[in-house]
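For reference, query-v1.txt is printed below; it contains compact mmCIF, C-alpha atoms.
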```txt
# COMPACT_ATOMS: atom_id res chain seq x y z
CA MET A 1 -53.77 -12.49 -15.04
CA LYS A 2 -53.43 -14.37 -11.76
CA SER A 3 -52.30 -12.81 -8.51
CA TYR A 4 -49.48 -14.34 -6.46
CA ARG A 5 -52.06 -15.71 -4.00
CA GLU A 6 -53.74 -17.72 -6.77
CA ILE A 7 -50.55 -19.45 -7.89
CA ALA A 8 -49.78 -22.74 -6.16
CA GLY A 9 -46.10 -23.38 -5.55
CA ASP A 10 -43.89 -22.15 -8.36
CA ALA A 11 -46.48 -22.80 -11.10
CA GLY A 12 -44.32 -25.56 -12.53
CA SER A 13 -41.32 -23.36 -13.24
CA ASP A 14 -39.05 -25.29 -10.85
CA VAL A 15 -37.18 -22.10 -9.96
CA LEU A 16 -35.41 -23.72 -7.02
CA GLY A 17 -34.31 -26.61 -9.20
CA GLN A 18 -32.97 -24.24 -11.84
CA VAL A 19 -31.05 -22.21 -9.26
CA GLY A 20 -29.64 -25.37 -7.71
CA ALA A 21 -28.52 -26.68 -11.10
CA GLN A 22 -26.82 -23.38 -11.89
CA GLN A 23 -25.03 -23.39 -8.54
CA GLU A 24 -23.78 -26.90 -9.24
CA ARG A 25 -22.50 -25.82 -12.67
CA LEU A 26 -20.78 -22.86 -11.03
CA ARG A 27 -19.02 -25.09 -8.50
CA ALA A 28 -17.97 -27.53 -11.21
CA ARG A 29 -16.58 -24.77 -13.47
CA MET A 30 -14.69 -23.02 -10.68
CA ALA A 31 -13.22 -26.30 -9.41
CA LYS A 32 -11.20 -26.46 -12.64
CA ILE A 33 -9.65 -23.04 -12.00
CA ARG A 34 -6.75 -23.11 -9.58
CA LEU A 35 -6.64 -19.43 -8.60
CA LYS A 36 -9.18 -16.60 -8.81
CA VAL A 37 -7.99 -13.02 -8.31
CA ALA A 38 -10.15 -9.87 -8.38
CA VAL A 39 -8.66 -6.58 -9.57
CA VAL A 40 -10.56 -3.65 -8.09
CA SER A 41 -10.35 0.06 -7.46
CA GLY A 42 -13.60 1.56 -6.27
CA LYS A 43 -12.69 4.57 -8.41
CA GLY A 44 -13.35 4.70 -12.14
CA GLY A 45 -10.82 5.95 -14.67
CA VAL A 46 -7.70 4.57 -12.98
CA GLY A 47 -6.70 2.31 -15.88
CA LYS A 48 -7.65 -0.88 -14.06
CA SER A 49 -8.61 -2.78 -17.22
CA ALA A 50 -5.28 -1.97 -18.84
CA VAL A 51 -3.54 -3.36 -15.77
CA VAL A 52 -5.69 -6.52 -15.95
CA ALA A 53 -4.98 -7.05 -19.66
CA ASN A 54 -1.25 -6.74 -19.15
CA LEU A 55 -1.17 -8.92 -16.03
CA ALA A 56 -3.09 -11.59 -17.95
CA ALA A 57 -0.53 -11.41 -20.78
CA ALA A 58 2.40 -11.44 -18.35
CA PHE A 59 1.13 -14.58 -16.60
CA ALA A 60 0.33 -16.27 -19.92
CA LYS A 61 3.89 -15.50 -21.02
CA ARG A 62 5.05 -17.42 -17.96
CA GLY A 63 3.38 -20.49 -19.44
CA LEU A 64 0.19 -20.35 -17.36
CA LYS A 65 -3.33 -20.99 -18.66
CA VAL A 66 -5.09 -17.68 -18.01
CA GLY A 67 -8.65 -16.40 -18.22
CA ALA A 68 -9.84 -12.79 -18.00
CA LEU A 69 -13.42 -11.89 -17.07
CA ASP A 70 -14.64 -8.34 -17.66
CA ALA A 71 -17.22 -7.97 -14.88
CA ASP A 72 -18.04 -4.38 -15.88
CA ILE A 73 -21.39 -5.02 -17.55
CA ASN A 74 -22.08 -1.41 -18.53
CA GLY A 75 -18.59 -0.31 -19.54
CA PRO A 76 -16.77 -3.35 -20.94
CA SER A 77 -13.30 -2.72 -22.40
CA LEU A 78 -11.25 -5.88 -21.84
CA ALA A 79 -12.26 -7.50 -25.14
CA LYS A 80 -10.81 -4.51 -27.01
CA MET A 81 -7.58 -4.53 -25.01
CA LEU A 82 -7.05 -8.26 -25.55
CA GLY A 83 -7.81 -8.19 -29.25
CA VAL A 84 -11.05 -10.19 -29.37
CA ARG A 85 -13.57 -7.39 -29.87
CA GLY A 86 -15.95 -8.14 -32.74
CA GLN A 87 -15.80 -11.88 -32.16
CA ARG A 88 -18.95 -13.60 -30.98
CA LEU A 89 -19.40 -16.32 -28.41
CA ALA A 90 -20.21 -19.79 -29.72
CA PHE A 91 -22.80 -21.69 -27.68
CA THR A 92 -22.77 -25.47 -27.33
CA ALA A 93 -24.30 -27.96 -24.94
CA GLY A 94 -21.19 -27.59 -22.80
CA GLY A 95 -21.60 -23.82 -22.42
CA ALA A 96 -20.31 -20.67 -24.09
CA GLN A 97 -17.05 -21.18 -25.97
CA LEU A 98 -14.66 -18.29 -25.43
CA PRO A 99 -12.50 -16.45 -27.96
CA GLN A 100 -8.80 -16.45 -27.20
CA GLY A 101 -6.59 -13.40 -27.03
CA PRO A 102 -2.78 -13.26 -27.08
CA LEU A 103 -1.04 -16.45 -25.86
CA GLY A 104 -4.39 -18.23 -25.58
CA ILE A 105 -5.90 -15.97 -22.90
CA ARG A 106 -9.60 -16.85 -22.62
CA VAL A 107 -11.68 -13.67 -22.58
CA LEU A 108 -15.28 -13.07 -21.59
CA SER A 109 -16.90 -9.65 -21.76
CA MET A 110 -20.39 -8.28 -22.25
CA ASP A 111 -18.87 -6.56 -25.29
CA LEU A 112 -18.89 -9.96 -27.04
CA LEU A 113 -22.68 -10.18 -26.66
CA LEU A 114 -23.66 -6.72 -27.88
CA PRO A 115 -24.78 -6.42 -31.51
CA ASP A 116 -22.84 -3.29 -32.44
CA ASP A 117 -20.48 -0.58 -31.23
CA GLU A 118 -23.21 1.81 -30.08
CA THR A 119 -25.48 -0.58 -28.18
CA PRO A 120 -25.43 -0.09 -24.40
CA VAL A 121 -26.55 -2.74 -21.94
CA LEU A 122 -30.17 -1.89 -21.16
CA TRP A 123 -32.95 -3.60 -19.25
CA SER A 124 -36.57 -2.95 -19.92
CA GLY A 125 -39.83 -4.69 -19.09
CA PRO A 126 -43.30 -4.52 -20.67
CA ALA A 127 -44.61 -2.25 -17.90
CA GLU A 128 -41.81 0.29 -18.10
CA GLY A 129 -41.91 3.29 -20.34
CA GLU A 130 -38.18 3.81 -20.15
CA ALA A 131 -35.03 1.69 -20.22
CA TYR A 132 -32.71 1.42 -17.25
CA PHE A 133 -29.08 0.47 -16.98
CA TRP A 134 -28.53 -2.85 -15.22
CA ARG A 135 -27.52 -2.46 -11.62
CA GLY A 136 -27.27 -4.37 -8.39
CA ALA A 137 -28.99 -7.74 -8.52
CA MET A 138 -29.06 -7.82 -12.33
CA GLU A 139 -25.27 -7.34 -12.47
CA VAL A 140 -24.74 -10.15 -9.96
CA THR A 141 -27.08 -12.43 -11.92
CA THR A 142 -25.18 -11.72 -15.12
CA LEU A 143 -21.83 -12.34 -13.44
CA ARG A 144 -23.14 -15.64 -12.07
CA GLU A 145 -24.15 -16.71 -15.57
CA PHE A 146 -20.76 -15.65 -16.95
CA LEU A 147 -19.04 -17.90 -14.42
CA ALA A 148 -21.47 -20.84 -14.45
CA ASP A 149 -22.45 -21.12 -18.11
CA THR A 150 -19.06 -20.60 -19.76
CA GLU A 151 -16.65 -23.36 -20.71
CA TRP A 152 -13.60 -21.94 -18.96
CA GLY A 153 -11.82 -25.28 -18.97
CA GLU A 154 -8.69 -25.97 -16.92
CA LEU A 155 -7.09 -22.68 -15.90
CA ASP A 156 -4.19 -21.79 -13.64
CA LEU A 157 -5.51 -18.28 -13.05
CA LEU A 158 -8.72 -16.33 -13.62
CA LEU A 159 -8.46 -12.54 -13.35
CA LEU A 160 -11.71 -10.70 -12.68
CA ASP A 161 -11.83 -7.07 -13.77
CA LEU A 162 -14.43 -5.55 -11.42
CA PRO A 163 -16.33 -2.33 -12.23
CA PRO A 164 -15.94 0.81 -10.10
CA GLY A 165 -17.71 0.84 -6.74
CA THR A 166 -16.81 -0.52 -3.32
CA ASP A 167 -20.01 -2.63 -3.32
CA ARG A 168 -18.73 -4.76 -6.21
CA ILE A 169 -16.28 -6.71 -4.05
CA PRO A 170 -18.89 -8.12 -1.58
CA ASN A 171 -21.06 -9.07 -4.57
CA LEU A 172 -18.45 -11.68 -5.45
CA LEU A 173 -18.78 -13.52 -2.14
CA PRO A 174 -21.79 -15.72 -3.02
CA LEU A 175 -20.19 -16.55 -6.38
CA LEU A 176 -16.55 -17.05 -5.44
CA PRO A 177 -16.24 -17.91 -1.74
CA GLU A 178 -12.73 -19.17 -2.53
CA LEU A 179 -11.38 -15.89 -3.90
CA HIS A 180 -7.60 -16.23 -3.63
CA GLY A 181 -6.62 -12.59 -3.72
CA VAL A 182 -7.46 -8.96 -4.42
CA VAL A 183 -5.27 -6.49 -6.30
CA ILE A 184 -6.16 -2.83 -5.81
CA VAL A 185 -5.37 -0.11 -8.36
CA THR A 186 -5.14 3.59 -7.57
CA LEU A 187 -3.94 6.87 -9.01
CA PRO A 188 -1.55 9.06 -7.01
CA SER A 189 -4.33 11.59 -6.43
CA GLN A 190 -6.10 12.46 -3.19
CA VAL A 191 -9.56 11.74 -4.63
CA SER A 192 -8.57 8.30 -5.92
CA GLN A 193 -6.75 7.40 -2.72
CA LEU A 194 -9.74 8.41 -0.61
CA ILE A 195 -12.06 6.04 -2.49
CA VAL A 196 -9.49 3.26 -2.78
CA THR A 197 -8.99 3.34 0.98
CA LYS A 198 -12.66 2.41 1.35
CA SER A 199 -12.15 -0.54 -1.02
CA VAL A 200 -9.26 -1.75 1.10
CA THR A 201 -11.45 -1.61 4.20
CA VAL A 202 -14.23 -3.57 2.47
CA ALA A 203 -11.78 -6.19 1.20
CA LYS A 204 -10.31 -6.63 4.66
CA GLU A 205 -13.43 -6.61 6.81
CA ILE A 206 -16.12 -8.10 4.55
CA VAL A 207 -14.49 -10.18 1.84
CA LYS A 208 -11.55 -11.32 3.96
CA ALA A 209 -9.66 -12.44 0.86
CA PRO A 210 -5.90 -11.83 0.91
CA ILE A 211 -4.99 -8.39 -0.41
CA LEU A 212 -2.08 -9.10 -2.73
CA GLY A 213 -1.16 -5.45 -2.93
CA LEU A 214 -1.65 -1.93 -4.24
CA VAL A 215 -0.72 -0.78 -7.76
CA GLU A 216 -0.18 2.89 -8.50
CA ASN A 217 -1.11 3.59 -12.12
CA MET A 218 -0.28 6.75 -14.10
CA ALA A 219 2.32 7.43 -11.46
CA SER A 220 4.34 9.92 -13.50
CA HIS A 221 4.78 11.35 -16.96
CA LEU A 222 7.81 10.37 -19.01
CA CYS A 223 9.15 12.92 -21.49
CA ALA A 224 9.29 11.25 -24.91
CA ARG A 225 12.38 13.27 -25.90
CA CYS A 226 14.57 13.39 -22.82
CA GLY A 227 13.17 10.61 -20.63
CA ALA A 228 12.71 12.91 -17.65
CA GLU A 229 10.02 11.84 -15.19
CA ALA A 230 7.52 14.22 -13.62
CA PRO A 231 4.67 13.45 -11.17
CA LEU A 232 1.12 13.90 -12.47
CA PHE A 233 -0.73 14.22 -9.16
CA ALA A 234 -0.04 15.47 -5.67
CA GLY A 235 -1.60 12.77 -3.51
CA GLU A 236 -0.05 10.78 -0.71
CA ASP A 237 2.89 8.63 -1.71
CA SER A 238 1.25 5.30 -2.62
CA ALA A 239 3.98 3.20 -1.02
CA ARG A 240 3.46 5.11 2.22
CA MET A 241 -0.31 4.75 1.81
CA ALA A 242 0.03 0.97 1.43
CA GLN A 243 2.19 0.83 4.53
CA ARG A 244 -0.37 2.86 6.46
CA LEU A 245 -3.14 0.49 5.34
CA GLY A 246 -1.09 -2.58 6.17
CA ILE A 247 -1.01 -4.03 2.64
CA PRO A 248 1.86 -4.76 0.22
CA PHE A 249 2.90 -2.16 -2.33
CA LEU A 250 3.33 -3.79 -5.75
CA GLY A 251 4.75 -0.91 -7.75
CA ARG A 252 4.20 2.15 -9.91
CA VAL A 253 3.21 2.18 -13.59
CA PRO A 254 4.19 5.42 -15.38
CA PHE A 255 1.93 7.24 -17.80
CA ASP A 256 3.32 5.72 -20.98
CA PRO A 257 1.67 6.50 -24.36
CA LEU A 258 2.65 3.01 -25.55
CA LEU A 259 0.34 1.50 -22.94
CA ALA A 260 -2.68 3.26 -24.46
CA ARG A 261 -1.53 2.67 -28.02
CA TYR A 262 -1.21 -1.08 -27.64
CA ALA A 263 -4.43 -1.29 -25.62
CA ASP A 264 -6.22 0.22 -28.64
CA GLU A 265 -4.51 -2.32 -30.89
CA GLY A 266 -5.43 -5.25 -28.67
CA THR A 267 -1.84 -6.27 -27.98
CA PRO A 268 -0.75 -5.68 -24.34
CA VAL A 269 2.36 -3.56 -23.97
CA VAL A 270 4.17 -6.28 -21.97
CA LEU A 271 4.20 -8.33 -25.19
CA SER A 272 4.42 -5.62 -27.85
CA SER A 273 7.06 -3.45 -26.19
CA PRO A 274 8.47 -5.41 -23.23
CA GLY A 275 11.36 -2.98 -22.74
CA SER A 276 9.18 0.12 -22.39
CA PRO A 277 8.89 1.78 -18.96
CA ALA A 278 5.25 0.74 -18.43
CA ALA A 279 5.93 -2.84 -19.51
CA ARG A 280 8.92 -3.19 -17.19
CA ALA A 281 6.83 -1.92 -14.28
CA LEU A 282 3.97 -4.30 -15.09
CA TRP A 283 6.36 -7.26 -15.39
CA GLN A 284 7.71 -6.50 -11.90
CA ILE A 285 4.17 -6.23 -10.51
CA ALA A 286 3.25 -9.58 -12.08
CA ASP A 287 6.39 -11.11 -10.55
CA LYS A 288 5.39 -9.94 -7.07
CA ILE A 289 1.82 -11.22 -7.46
CA GLY A 290 3.18 -14.53 -8.73
CA GLU A 291 5.38 -14.87 -5.65
CA SER A 292 2.43 -14.22 -3.34
CA LEU A 293 0.32 -16.84 -5.15
CA HIS A 294 3.20 -19.35 -5.25
CA LEU A 295 3.00 -19.58 -9.01
CA PRO A 296 5.74 -21.44 -10.89
CA ALA A 297 8.89 -19.56 -11.79
CA GLU A 298 8.97 -17.69 -15.07
CA PRO A 299 10.40 -19.67 -18.00
CA VAL A 300 13.89 -18.55 -19.04
CA GLU A 301 12.74 -17.75 -22.59
CA ALA A 302 10.11 -15.36 -21.18
CA LYS A 303 12.74 -13.42 -19.22
CA GLU A 304 15.05 -13.27 -22.22
CA SER A 305 12.27 -11.78 -24.35
CA ARG A 306 11.82 -8.75 -22.08
```
Please lay out the structure from this file as structure tokens.
Amino acid sequence: MKSYREIAGDAGSDVLGQVGAQQERLRARMAKIRLKVAVVSGKGGVGKSAVVANLAAAFAKRGLKVGALDADINGPSLAKMLGVRGQRLAFTAGGAQLPQGPLGIRVLSMDLLLPDDETPVLWSGPAEGEAYFWRGAMEVTTLREFLADTEWGELDLLLLDLPPGTDRIPNLLPLLPELHGVVIVTLPSQVSQLIVTKSVTVAKEIVKAPILGLVENMASHLCARCGAEAPLFAGEDSARMAQRLGIPFLGRVPFDPLLARYADEGTPVVLSSPGSPAARALWQIADKIGESLHLPAEPVEAKESR
């Protein structure tokens, strides 16, 4: 085995050439996508992926070409929520060909690359005696490959479902310098709001992408029999929190069992039960985001179907 000092140059691997070619593919792919929006929280367990799945469906219902990228390498769930779990990516000379969820939503998730339900994403090398979950640079490398080596095609909107952690937003900067917006999801609890506040600060001061607004998920519980609404947490009012942070407030999504039920079935609630409380709230949130992004008005038939 040679030491680094004994190897001249890159030993013929052309690493710089490979990186440059990948960067060019990334630029070419992203040039075909009009808008890229990251949905983040910083806090896990806030229902962010369910929000992403339903926003993707709501925008697709408006007649837009939509893609959804599950950037959570270790805990992917978007494929399940958009009904493509179990499908496998097809690989051609043009890149990975994506399965399509409801209304033609193009979906990419690590879940589509794993061999079975129980396989986690692990990294191991010949010198290691144990396996380690991918983190940091490996996650960024994987996300770069997802963006650069996938045939996304012409899209109006790409939604990126980021994993928990305030460091995930800056990781996007080298990959998507033209990020068009950030949507932040919180719970109405003090713990969630504390962590989400840090994500807002990172988005403002480091990423400098427009913050499209704050979504409060699981805002209240709706009684299935009487329809009465009761708060689930005792945190700061999220609308007041958004005002304090200087960002728009997009709305509240109630804790609605139909949201979880249709997520399990792979059919977003905005399509399966458009008149339900959660669906109505998510439609209104999508409308506000659409206005901020100057997206075309919703087709009449889409409004009539709600």
Check your understanding: Nearest to Ala260 (chain A): which of A:His180, A:Lys80, A:Arg240, A:Arg27 is it, counting only C-alpha atoms?
Key ->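 Smallest separation from Ala260 (chain A) among the options: A:Lys80.
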Write out as a PDB file with C-alpha atoms, in the coordinates of the input each polymer residue whose atoms come within 7 Å of region 165-179 of chain A, counting all atoms listed in the file; drop sequence neighbours fewer than 4 positions from it.
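This is the output file around_26.pdb:
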```pdb
ATOM      1  CA  LYS A  36      -9.180 -16.600  -8.810  1.00  0.00           C
ATOM      2  CA  VAL A  37      -7.990 -13.020  -8.310  1.00  0.00           C
ATOM      3  CA  GLY A  42     -13.600   1.560  -6.270  1.00  0.00           C
ATOM      4  CA  LYS A  43     -12.690   4.570  -8.410  1.00  0.00           C
ATOM      5  CA  VAL A 140     -24.740 -10.150  -9.960  1.00  0.00           C
ATOM      6  CA  ARG A 144     -23.140 -15.640 -12.070  1.00  0.00           C
ATOM      7  CA  LYS A 198     -12.660   2.410   1.350  1.00  0.00           C
ATOM      8  CA  SER A 199     -12.150  -0.540  -1.020  1.00  0.00           C
ATOM      9  CA  ALA A 203     -11.780  -6.190   1.200  1.00  0.00           C
ATOM     10  CA  ILE A 206     -16.120  -8.100   4.550  1.00  0.00           C
ATOM     11  CA  VAL A 207     -14.490 -10.180   1.840  1.00  0.00           C
ATOM     12  CA  ALA A 209      -9.660 -12.440   0.860  1.00  0.00           C
TER      13      ALA A 209
END
```
Check your understanding: Near Asp161 (chain A), within 8 Å and counting only C-alpha atoms, which residues show up once chain neighbours fewer than 3 positions away are dropped, as a ChimeraX atom specification?
Key -> /A:38-40,48-49,52,68-72
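With all atoms listed in the file as the atoms that count, the minimum distance from Pro76 (chain A) to the choices A:Gln100, A:Ser109, A:Gln22, A:Asn54 is reached by A:Ser109.
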Practice item. One decimal, Å: what's the distance from CA of Leu245 (chain A) over to CA of Ile289 (chain A), could you say? Key: 18.0 Å
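Atom pair CA of Leu89 (chain A) / CA of Ser41 (chain A) has a distance of 28.1 Å (rounded to one decimal).
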Review point. From the list A:Ala50, A:Val185, A:Val191, A:Ala31, which residue is nearest Val215 (chain A) when using only C-alpha atoms?
Key: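 Of A:Ala50, A:Val185, A:Val191, A:Ala31, the one nearest Val215 (chain A), counting only C-alpha atoms, is A:Val185.
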Review point. Quick one: residues within 7 Å of region 250-253 of chain A, only C-alpha atoms counted, chain neighbours fewer than 6 positions away excluded, as a list in words?
Key: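 Skipping anything fewer than 6 positions along the chain leaves Gly213, Leu214, Val215, Glu216, Asn217, Met218, Ala219, Ala278, Ala281, Leu282, Ile285 and Lys288 of chain A.
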Revision key, fill the gap. Of A:Ala279, A:Val46, A:Leu271, A:Val200, the one nearest to Met241 (chain A) when counting only C-alpha atoms is A:Val200
Point to revise | Between CA of Ser273 (chain A) and CA of His294 (chain A), distance in Å (one decimal) | key: 26.6 Å
**Study point:** Point (-18.0, -7.7, -37.1), cut-off 12 Å, counting only C-alpha atoms, residues as an MDAnalysis selection string
**Key:** chainID A and resid 84:88 111:117
Point to revise | Shell around Ser276 (chain A) at 9 Å using all atoms listed in the file, local window under 5 positions removed, as a PyMOL selection string | key: chain A and resi 256+258-259+269-270+281
